[in-house]
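A quick write-up on the structure given underneath.
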Amino acid sequence: MKVLKRFFVRLANLASGRRADDRLHEELAEHIALQTKENLRAGMSASEARRRAVLKLGAAEVIREHHHAEQSLPFFENLFLDLRFALRMFAKSPGFAAIAIATMALGVGATTAIYSVVDATLLHPLPYPQPEQLVRLVDDLPGIDARDAGISIPELQDLQRSGIFQYVSIYGFGSVNLTGCAQPARIIFKPVTPSYFAILGVAPQLGRTFDPHDPTLGFNLEVVISDGLWKRAFGADTQILGKTLRLDNDAYHVVGVMPAGFRDQGRTAEERNTELWAGTGFAAAPAPDPARNLRLRLETIARLSPGQSIAAAQSHLDALVASLKKQYPADYPEQSAWTVRIEPLSESLVGNVRQSLMLLLGAVGLVLLIGCVNVANLLLARATARAREIAVRQALGAGRTRLVRQLLTESLLLSLLGGIVGVSILLGTRKFLLPLVPESLPRLNDISINWGVLAFALLVSLAAGIIFGLAPAWLTSRLDLTGTLRQEGRGSTGSPQRTRARRALVVGELALSLMLMIAAGLLLRSFWELFRVQLGFHPEHVMAMQTWLPVPNDPKTDIYGTASKEATLLREILRRGRTLPGVEGAAIGDMAAFPLGHGRDDRNRIPLIREGQVVPDNRAPLIDTAIVSPEYFHLLGMTLLRGRIFNLEDIESTPTVAVINEAAARTFWPNQDPLGKHFKLRSTNKDWTTIAGVIADARTESLADPGIPQIYMSIYQRRAKDLAIFLRGQLNPAAIPAQVREQVQAVDAELPVFAARTLDDVLSNSLSARRFSMEMVALFAGTALLLAALGIYGTISCLVSEQTHEIGVRLALGAQRAKILEMILRQGLGLALTGAALGLAGALVVSHLMAAVLFGVSPTDIATFAAVTVVLTSVALAASYIPARRAMRVDPLTALRYE
Amino acid sequence: MKEKPDVLQGTLALMVLKTLDVLGSQHGYGIARRIEQISGDLLDVNQGTLYPLLLKLEQEGSIASQWGASENNRRARFYRLTPAGLRQLQAETHDWEQTAAIIARFFSVKAEDLA
C-alpha cells in the first residue's frame, strides 16, 4: 500500500513536472544557519562555524540529487530525457531516421498483414462456442484405397447411440432452386440432420433452429435461412417465420433466421457461404433406403462431450468400430479395412492453407529480419560518426549501462515509430489489400486488424528494436576513449570490432535474401510449370454457366424424371443456345464435367465393377465419372484416340455406352483393348455399360495431376441434375448470361441460370491460391534483395570513406586507379560470396521444407539455385561499384591533406 | 553513489518518527540535532541524508509538513507525525522490541547452556 502510494505521488510529481528544489534549497540554508548559530555559541569563529556547518551537512549536490530522485521517478525521467534526445538526433539526421523507420514500417507492416490472415484462419478458424469440442468424423476404407468414403444411416445411429459424442450430425452440400420470388434463384444449401445447429452451438436471431431430437426420416420441411438471404429475398420481413418457400418445387416453411455474423463451417468458401439449411433424416425419399453398406456421400461432424479429449474419443470409437465389424462381417469385409477417424474440425477447414500461410509467414519473417539487420547496419555506421559524442559523454562520467540504455531507447523508438507507420499504412490500405487474398481462404471475411493483431505488431516492433539495437549499442559503448578523443578532426576509422560486426551483418543479410529469393524462384518455376502444362483441352473462347433441374422429394412429381424427358429439355436448350450471337458450339454436362470448376473428393467417386470380376461395391475401386452431351469432347477440343464418342443414337432406350480416358484404360484395363469391354457403376445397376471410345488424358480434374481415370457417360442415357452449359465462340461475356437465361427460361421459367464465367477465368482461379503465395513471396524476395543491396552499398561506402587516407597514400605512391577499383570490388565480392555460400546452405533446408507446395521442379533445382546466386552476386557487385568508383576518383592531395 | 544500507535507512526512519512523536512538530535541523544528541557519535551520518528521507516519509503519508517560523525567525519547514505515521511507529516499535529481545537472548546463551 505504502509503496503504491509513494509511486503514485512520484508519478504525479513526474507528470506535473513539480519540483521541490526551491523548498530543499531553503530548508538546507536554514539548516546551515541554525547549525552555524549553534557553532558560534560553542565559541567558534564566524568563518569556522559556517565551514563546520556546511561540512556536517554533507555534499549539497548529492543531497539534492537524492532528494530529487526521491521526489520523482528517475527511470521514467531518464526515459523521457533519452526519448527527447533521440528525437533530436533523428531531427538532426532525418535521412537516416526516415530510412530506418521506412525499413521497419515495411517489415512490421508486412508481418502484421500476414499475421492478421494467420490469426483469422489458423488461430481462430471456428467462430463457434467451445470450438475445441468440434470434430469431423471421416470414414476410410484403406483396403480399397478409398478415403473419406461417406457414412451409412445405421452407422450414424450407432454413433449417436454410442455416447462418445454430445451430438453427431451428417450433412450434404449443394444448391437448390428457390422459386416463387421474382427471379428463380440458385441458393447454396445444406440438407442437415436436425442436430446440426446444436453441434455448432449458435442460436438464431429469429425463431428457432431444428429440434435435435426430431425423428423425421425424410425432409421435415423446415428450413433455417441466413441473414443475407432473409434481407435479400425477403426484405428482412420480421413476419417470415412460418412462411412457405418453394425449393425444387417442394414447399418448406421457415422456422428460423441465423444472425448476421453467422458463417457456416465448411471445406470451401462456397460451403461456408451456405444460405439455407433444410432438416432431414436422410432415411427416406429422395434419399435411398438406409442400408448398412450404403455409404451416403455426406460429411459427418460431431461435438465431443465437455472435457473429452480427441484421443480418448478415438479409442472409444475404435472399440465401437471393432465390435460393429464383428457384428456385421458381411457389411464390413476384412479387405476394405473400415476405420473411422476423428479430426479436429478446425484442421479439416484450414489443412490445405496451413502450408502456404506458414510459407508466407516464414518469408515475411525473413524480410523483417533482413530489415532489422539493415537498420543495425545503419546504426553501426552512425556509431562511427557518433564516436566522438559517445566518447565525450563517457569522459563526462556516463556509465556504460546508461549509454547502452540511451542507444537502445533510440533504436526502440525507431522501431516503434516504424511499427506505427507500418500498421497505419496497413489500416489505410486494407481495402486494397484484401481483394488480393484468394477467395479460397477460409474465414476471409473475418480477417481484421483486431487488438490481438495490434498487440502482435507492438511485440514484433519491440523485439525488432531490441534485435537490431542491442548489438550496435553494445559495440558503440565499448569505445577506446582516449583513442577516439585524440583523433581530433580526422575521420575516425571505426573500431575493428565494429567493422567486423558490419561485415557479418551484411553477410547475414545477403544469406537471408538468397534464401528468400530461392524460395521465390522455386515457387515461380512451379507456377510456370503449372501454367504451361499441356491441358489436353482448350479453355479459350468457352463460357460456362450453371443451371439446376429441381429434385422434388417425391420422384413421381419430377417432370424430368427420366433421361428421355430430360433429353427433350436439354436438346431444346442446346438448340436455342446455338442461335445466340457469336456462338459456334454448345454442349451440356454435369458439374463433374466442369473442367477444374468442381471440388473433387472420394465421395464423388463411384465403385467400378468390371465384367468378370465379382466384387461387392465396398471392395471395388472408385472412379471419377462425368455425364456429358455428345458435343462436349469436340467443344473442349479433347482428342479421341480410339473408337467413337457419343452420338445422337445413344439414348435411353439403346444400350448404355461410355467413353473413358487413357488413364482409366491404363489403370483398369491394362494391356488390353478396352473397346467393347463391359462394366457397371455400382453393383446394384442391372445393365452393363459398353466402352465405346478412349480419349486422351486431359487435366480437367487437377492441373497438377494429368492422369486421373475418368469415365464419361452420355447425358441422354444417364440423367444429371447439376448442369453446366458450355458455349464456344466469339462471345460477349457481358451479354451472354442474360441471353442464355432468357433462352433457358423460355423453355422452363422455373430454371435458374447462374455462375456464368469463362473457362479461362476458371483456369486462372484454380491457380489463384498458388499465384497469391508466389506473388507474395516474390514481393518479399524483391524487398529483401533491395534491402541487401542497400546494406552492401552502405558497408562498402563506409569502407571506402574509412580507407580514403590509405587510398590516397597508395595513389600518391603510384598505384593504378583500376587497381583501387579492383581492391574495393574484391571486398564487395568477398562479402557477396560468403553471404551466398551461407544462403545456399540455408536455402537447401528451406526448399526441402516447402517441397509439398512445389510442382514440376525439384527442391534442389540447379538452374534456380544458380540463377539466383548469379543475380544476388551481380546486384551486390553493382551496389559496391558506386562507392568503388568514388574510391577510384579519390584525389591523393585532398585525401592526404586531411591528415 | 553509495546507498545507505537498508538497516540504517529503516532505523533512521524509525528514529525520525520517534523524534517527532516525542517532540511534536519539528524542523529538519531540530530532528537532526535530537538524533545526534541521543545516538552520540555512534550514528555518524551526514545530516543532509535526512532530507531525502523526510521527503520519502512524507510521500508515504507517515509525516506531513508545513512552513513555520524558526528560532531565527525565518521560514523553516516543520514536520509532524500523521495518524498513519503514529500507527506505523507503534507497529515498528513492537517489531523492533521483539527483534531486539530475540537477538539479546541469542547473545546471552553460553555454550554450557546448550549442552
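Following the order of the C-alpha cells, chains are lettered A, B, ..., residues in each are numbered from 1, and ligands are numbered from 1.
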Strand (DSSP E) residues, from DSSP on the backbone, in chain B, as a ChimeraX atom specification: /B:26-27,63-69,75-81
Residues as selected, C-alpha atoms, written as an mmCIF file, in the first residue's frame, can you do that?
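Result file follows (again_31.cif):
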data_model
loop_
_atom_site.group_PDB
_atom_site.id
_atom_site.type_symbol
_atom_site.label_atom_id
_atom_site.label_comp_id
_atom_site.auth_asym_id
_atom_site.auth_seq_id
_atom_site.Cartn_x
_atom_site.Cartn_y
_atom_site.Cartn_z
ATOM 1 C CA GLN B 26 9.882 19.948 14.438
ATOM 2 C CA HIS B 27 12.053 21.253 11.589
ATOM 3 C CA ILE B 63 4.514 12.561 8.190
ATOM 4 C CA ALA B 64 3.200 15.892 6.968
ATOM 5 C CA SER B 65 4.929 19.225 6.674
ATOM 6 C CA GLN B 66 4.169 22.914 6.528
ATOM 7 C CA TRP B 67 6.045 26.174 6.698
ATOM 8 C CA GLY B 68 6.555 27.856 10.083
ATOM 9 C CA ALA B 69 8.888 30.328 11.833
ATOM 10 C CA ARG B 75 10.879 30.410 7.365
ATOM 11 C CA ALA B 76 11.513 26.736 8.136
ATOM 12 C CA ARG B 77 9.718 23.572 7.154
ATOM 13 C CA PHE B 78 8.091 21.896 10.147
ATOM 14 C CA TYR B 79 7.341 18.191 10.132
ATOM 15 C CA ARG B 80 4.793 16.398 12.273
ATOM 16 C CA LEU B 81 3.587 12.845 12.696
#
Extract, using only C-alpha atoms, all DNA, RNA and protein residues at most 8 Å from Phe189 (chain A), discarding same-chain residues fewer than 5 positions from it, and format them as a PyMOL selection string. chain A and resi 173-176+274-278
Given the selection you just returned, output its residues as a file containing C-alpha atoms, formatted as a PDB file, in the first residue's frame.
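Output contents, as saved in out_13.pdb:
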ATOM      1  CA  PHE A 173     -23.971 -29.665 -49.554  1.00  0.00           C
ATOM      2  CA  GLY A 174     -25.333 -28.409 -52.799  1.00  0.00           C
ATOM      3  CA  SER A 175     -27.669 -25.904 -54.209  1.00  0.00           C
ATOM      4  CA  VAL A 176     -31.374 -25.719 -54.670  1.00  0.00           C
ATOM      5  CA  THR A 274     -24.425 -21.532 -47.206  1.00  0.00           C
ATOM      6  CA  GLU A 275     -27.675 -19.585 -47.075  1.00  0.00           C
ATOM      7  CA  LEU A 276     -30.284 -22.181 -46.354  1.00  0.00           C
ATOM      8  CA  TRP A 277     -30.422 -25.275 -44.203  1.00  0.00           C
ATOM      9  CA  ALA A 278     -33.102 -27.932 -44.526  1.00  0.00           C
TER      10      ALA A 278
END
Give me the residues within 8 Å of region 776-789 of chain A as a ChimeraX atom specification, counting only C-alpha atoms and dropping any in the same chain fewer than 2 places off. /A:360,363-364,367,370-371,374,506,509-510,512-514,516-517,519-521,524,772-774,791-793,872,875-876,879
Can you tell me, as a PDB file with C-alpha atoms, in the first residue's frame, what residues are no more than 12 Å from Leu896 (chain A) when counting only C-alpha atoms, ignoring any on the same chain fewer than 5 positions away?
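Writing done, so here's selection25.pdb:
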ATOM      1  CA  ARG A 490      40.296  13.256 -38.601  1.00  0.00           C
ATOM      2  CA  GLY A 491      37.641  10.927 -39.955  1.00  0.00           C
ATOM      3  CA  GLN A 803      40.135   3.884 -46.260  1.00  0.00           C
ATOM      4  CA  THR A 804      40.271   7.245 -48.031  1.00  0.00           C
ATOM      5  CA  HIS A 805      43.540   8.023 -46.367  1.00  0.00           C
ATOM      6  CA  GLU A 806      45.057   4.673 -47.280  1.00  0.00           C
ATOM      7  CA  ILE A 807      43.820   5.015 -50.860  1.00  0.00           C
ATOM      8  CA  GLY A 808      45.323   8.487 -51.028  1.00  0.00           C
ATOM      9  CA  VAL A 809      48.700   7.114 -49.924  1.00  0.00           C
ATOM     10  CA  ARG A 810      48.507   4.263 -52.437  1.00  0.00           C
ATOM     11  CA  LEU A 811      47.639   6.645 -55.249  1.00  0.00           C
ATOM     12  CA  ALA A 812      50.409   9.026 -54.211  1.00  0.00           C
ATOM     13  CA  LEU A 813      52.830   6.114 -54.330  1.00  0.00           C
ATOM     14  CA  VAL A 890      39.985   9.966 -54.702  1.00  0.00           C
ATOM     15  CA  ASP A 891      42.326  12.907 -55.131  1.00  0.00           C
TER      16      ASP A 891
END
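Within region 29-59 of chain A, DSSP applied to the backbone places the following residues in helix (DSSP H, G or I): Ala29, Glu30, His31, Ile32, Ala33, Leu34, Gln35, Thr36, Lys37, Glu38, Asn39, Leu40, Arg41, Ala46, Ser47, Glu48, Ala49, Arg50, Arg51, Arg52, Ala53, Val54, Leu55, Lys56 and Leu57 of chain A.
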Residues of chain A within 8 Å of chain B: nearest atom pair and distance (Å, one decimal) for each, counting only C-alpha atoms, sorted by chain and number, as JSON lines?
{"residue": "A:Lys2", "atom": "CA", "partner": "B:Glu60", "partner_atom": "CA", "distance": 5.6}
{"residue": "A:Val3", "atom": "CA", "partner": "B:Glu60", "partner_atom": "CA", "distance": 7.3}
{"residue": "A:Lys5", "atom": "CA", "partner": "B:Glu60", "partner_atom": "CA", "distance": 6.1}
{"residue": "A:Arg6", "atom": "CA", "partner": "B:Glu60", "partner_atom": "CA", "distance": 5.1}
{"residue": "A:Val9", "atom": "CA", "partner": "B:Gln59", "partner_atom": "CA", "distance": 6.3}
{"residue": "A:Arg10", "atom": "CA", "partner": "B:Gln59", "partner_atom": "CA", "distance": 7.8}
{"residue": "A:Leu24", "atom": "CA", "partner": "B:Tyr51", "partner_atom": "CA", "distance": 7.8}
{"residue": "A:Glu26", "atom": "CA", "partner": "B:Ala76", "partner_atom": "CA", "distance": 7.7}
{"residue": "A:Glu27", "atom": "CA", "partner": "B:Ala76", "partner_atom": "CA", "distance": 6.2}
{"residue": "A:Leu28", "atom": "CA", "partner": "B:Gly48", "partner_atom": "CA", "distance": 7.9}
{"residue": "A:Glu30", "atom": "CA", "partner": "B:Ala76", "partner_atom": "CA", "distance": 6.6}
{"residue": "A:His31", "atom": "CA", "partner": "B:Tyr29", "partner_atom": "CA", "distance": 5.3}
{"residue": "A:Leu34", "atom": "CA", "partner": "B:Tyr29", "partner_atom": "CA", "distance": 7.2}
{"residue": "A:Gln35", "atom": "CA", "partner": "B:Tyr29", "partner_atom": "CA", "distance": 7.6}
{"residue": "A:Lys56", "atom": "CA", "partner": "B:Asn46", "partner_atom": "CA", "distance": 5.9}
{"residue": "A:Leu57", "atom": "CA", "partner": "B:Gln47", "partner_atom": "CA", "distance": 4.7}
{"residue": "A:Gly58", "atom": "CA", "partner": "B:Asn46", "partner_atom": "CA", "distance": 5.2}
{"residue": "A:Ala59", "atom": "CA", "partner": "B:Gly48", "partner_atom": "CA", "distance": 7.7}
{"residue": "A:Ala60", "atom": "CA", "partner": "B:Gly48", "partner_atom": "CA", "distance": 7.4}
{"residue": "A:Ile63", "atom": "CA", "partner": "B:Gly48", "partner_atom": "CA", "distance": 6.0}
{"residue": "A:His66", "atom": "CA", "partner": "B:Pro52", "partner_atom": "CA", "distance": 6.0}
{"residue": "A:His67", "atom": "CA", "partner": "B:Pro52", "partner_atom": "CA", "distance": 4.3}
{"residue": "A:His68", "atom": "CA", "partner": "B:Pro52", "partner_atom": "CA", "distance": 7.8}
{"residue": "A:Glu70", "atom": "CA", "partner": "B:Pro52", "partner_atom": "CA", "distance": 6.2}
{"residue": "A:Gln71", "atom": "CA", "partner": "B:Leu55", "partner_atom": "CA", "distance": 7.0}
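For Ile310 (chain A), the residues within 9 Å (counting only C-alpha atoms, excluding itself and residues fewer than 2 positions away along the chain) are Gln133, Val135, Leu304, Gln308, Ala312, Ala313, Gln314, Ser315, Ile342, Glu343 and Pro344 of chain A.
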Could you write those residues out with N, CA and C atoms, as a PDB file, in the first residue's frame?
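Written out: part-v4.pdb:
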ATOM      1  N   GLN A 133     -14.246 -28.623 -29.054  1.00  0.00           N
ATOM      2  CA  GLN A 133     -15.066 -29.836 -28.985  1.00  0.00           C
ATOM      3  C   GLN A 133     -15.575 -30.274 -30.354  1.00  0.00           C
ATOM      4  N   VAL A 135     -15.540 -31.700 -33.976  1.00  0.00           N
ATOM      5  CA  VAL A 135     -14.695 -32.633 -34.730  1.00  0.00           C
ATOM      6  C   VAL A 135     -15.418 -33.057 -36.001  1.00  0.00           C
ATOM      7  N   LEU A 304     -17.830 -33.187 -29.188  1.00  0.00           N
ATOM      8  CA  LEU A 304     -17.388 -34.062 -28.111  1.00  0.00           C
ATOM      9  C   LEU A 304     -18.025 -33.628 -26.797  1.00  0.00           C
ATOM     10  N   GLN A 308     -13.749 -34.204 -22.845  1.00  0.00           N
ATOM     11  CA  GLN A 308     -13.304 -35.406 -23.568  1.00  0.00           C
ATOM     12  C   GLN A 308     -12.199 -35.020 -24.550  1.00  0.00           C
ATOM     13  N   ALA A 312      -9.035 -39.810 -26.493  1.00  0.00           N
ATOM     14  CA  ALA A 312      -9.908 -40.704 -25.731  1.00  0.00           C
ATOM     15  C   ALA A 312     -11.120 -41.093 -26.575  1.00  0.00           C
ATOM     16  N   ALA A 313     -11.712 -40.085 -27.248  1.00  0.00           N
ATOM     17  CA  ALA A 313     -12.874 -40.369 -28.080  1.00  0.00           C
ATOM     18  C   ALA A 313     -12.503 -41.342 -29.188  1.00  0.00           C
ATOM     19  N   GLN A 314     -11.301 -41.160 -29.751  1.00  0.00           N
ATOM     20  CA  GLN A 314     -10.865 -42.036 -30.830  1.00  0.00           C
ATOM     21  C   GLN A 314     -10.740 -43.482 -30.348  1.00  0.00           C
ATOM     22  N   SER A 315     -10.251 -43.675 -29.129  1.00  0.00           N
ATOM     23  CA  SER A 315     -10.093 -45.054 -28.676  1.00  0.00           C
ATOM     24  C   SER A 315     -11.457 -45.699 -28.412  1.00  0.00           C
ATOM     25  N   ILE A 342     -11.211 -39.443 -36.135  1.00  0.00           N
ATOM     26  CA  ILE A 342     -11.714 -38.159 -35.645  1.00  0.00           C
ATOM     27  C   ILE A 342     -10.649 -37.123 -35.905  1.00  0.00           C
ATOM     28  N   GLU A 343     -11.017 -36.054 -36.585  1.00  0.00           N
ATOM     29  CA  GLU A 343     -10.044 -34.978 -36.698  1.00  0.00           C
ATOM     30  C   GLU A 343     -10.690 -33.683 -36.247  1.00  0.00           C
ATOM     31  N   PRO A 344      -9.887 -32.770 -35.661  1.00  0.00           N
ATOM     32  CA  PRO A 344     -10.463 -31.507 -35.215  1.00  0.00           C
ATOM     33  C   PRO A 344     -11.108 -30.811 -36.406  1.00  0.00           C
TER      34      PRO A 344
END
Quick one: residues within 7 Å of region 462-464 of chain A, only C-alpha atoms counted, chain neighbours fewer than 3 positions away excluded, as a ChimeraX atom specification? /A:372,412,415-416,458-459,467-468
Emit the selected residues as a PDB file, in the first residue's frame, including C-alpha atoms.
ATOM      1  CA  CYS A 372      16.442  -5.461 -38.686  1.00  0.00           C
ATOM      2  CA  LEU A 412      13.326   1.065 -29.798  1.00  0.00           C
ATOM      3  CA  SER A 415      11.249   0.509 -34.493  1.00  0.00           C
ATOM      4  CA  LEU A 416       8.126   1.651 -32.629  1.00  0.00           C
ATOM      5  CA  LEU A 458       3.708  -3.966 -30.909  1.00  0.00           C
ATOM      6  CA  LEU A 459       5.536  -7.080 -29.763  1.00  0.00           C
ATOM      7  CA  ILE A 467      17.328  -7.247 -32.048  1.00  0.00           C
ATOM      8  CA  PHE A 468      18.741  -4.504 -34.211  1.00  0.00           C
TER       9      PHE A 468
END
Show which residues sit within 12 Å of Thr401 (chain A), as a compact mmCIF listing (two decimals) with N, CA and C atoms, in the first residue's frame. Count only C-alpha atoms, and ignore same-chain residues fewer than 3 positions away.
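Okay, selection.txt is ready:
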# COMPACT_ATOMS: atom_id res chain seq x y z
N GLN A 394 31.15 9.63 -22.22
CA GLN A 394 31.80 8.71 -21.30
C GLN A 394 32.81 9.45 -20.44
N GLY A 397 31.51 10.99 -17.54
CA GLY A 397 31.09 10.14 -16.44
C GLY A 397 29.82 9.36 -16.68
N ALA A 398 29.35 9.31 -17.92
CA ALA A 398 28.17 8.49 -18.18
C ALA A 398 28.57 7.02 -18.09
N VAL A 404 24.25 2.36 -23.04
CA VAL A 404 23.54 1.32 -23.78
C VAL A 404 22.05 1.60 -23.72
N ARG A 405 21.61 2.03 -22.53
CA ARG A 405 20.19 2.31 -22.38
C ARG A 405 19.74 3.42 -23.31
N GLN A 406 20.58 4.43 -23.40
CA GLN A 406 20.20 5.56 -24.25
C GLN A 406 20.16 5.13 -25.72
N LEU A 407 21.18 4.35 -26.14
CA LEU A 407 21.22 3.91 -27.54
C LEU A 407 20.06 2.97 -27.84
N LEU A 408 19.74 2.12 -26.85
CA LEU A 408 18.61 1.19 -27.04
C LEU A 408 17.30 1.96 -27.14
N THR A 409 17.19 3.01 -26.32
CA THR A 409 15.98 3.82 -26.40
C THR A 409 15.82 4.36 -27.81
N LEU A 470 20.50 -3.88 -29.93
CA LEU A 470 21.35 -4.31 -28.82
C LEU A 470 22.81 -4.39 -29.22
N ALA A 473 24.42 -1.01 -29.93
CA ALA A 473 24.54 -0.25 -28.70
C ALA A 473 25.72 -0.78 -27.88
N TRP A 474 25.83 -2.08 -27.81
CA TRP A 474 26.88 -2.72 -27.03
C TRP A 474 28.24 -2.36 -27.61
N THR A 476 28.98 0.07 -29.64
CA THR A 476 29.25 1.50 -29.63
C THR A 476 29.74 1.95 -28.26
N SER A 477 29.16 1.37 -27.21
CA SER A 477 29.53 1.82 -25.88
C SER A 477 30.91 1.31 -25.49
N ARG A 478 31.45 0.37 -26.29
CA ARG A 478 32.77 -0.17 -25.96
C ARG A 478 33.85 0.62 -26.68
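Pairwise distance (CA of Ala511 (chain A), CA of Gly835 (chain A)) equals 4.5 Å.
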May I ask for the distance between CA of Asn647 (chain A) and CA of Gly729 (chain A), given in Å to one decimal place? 22.0 Å
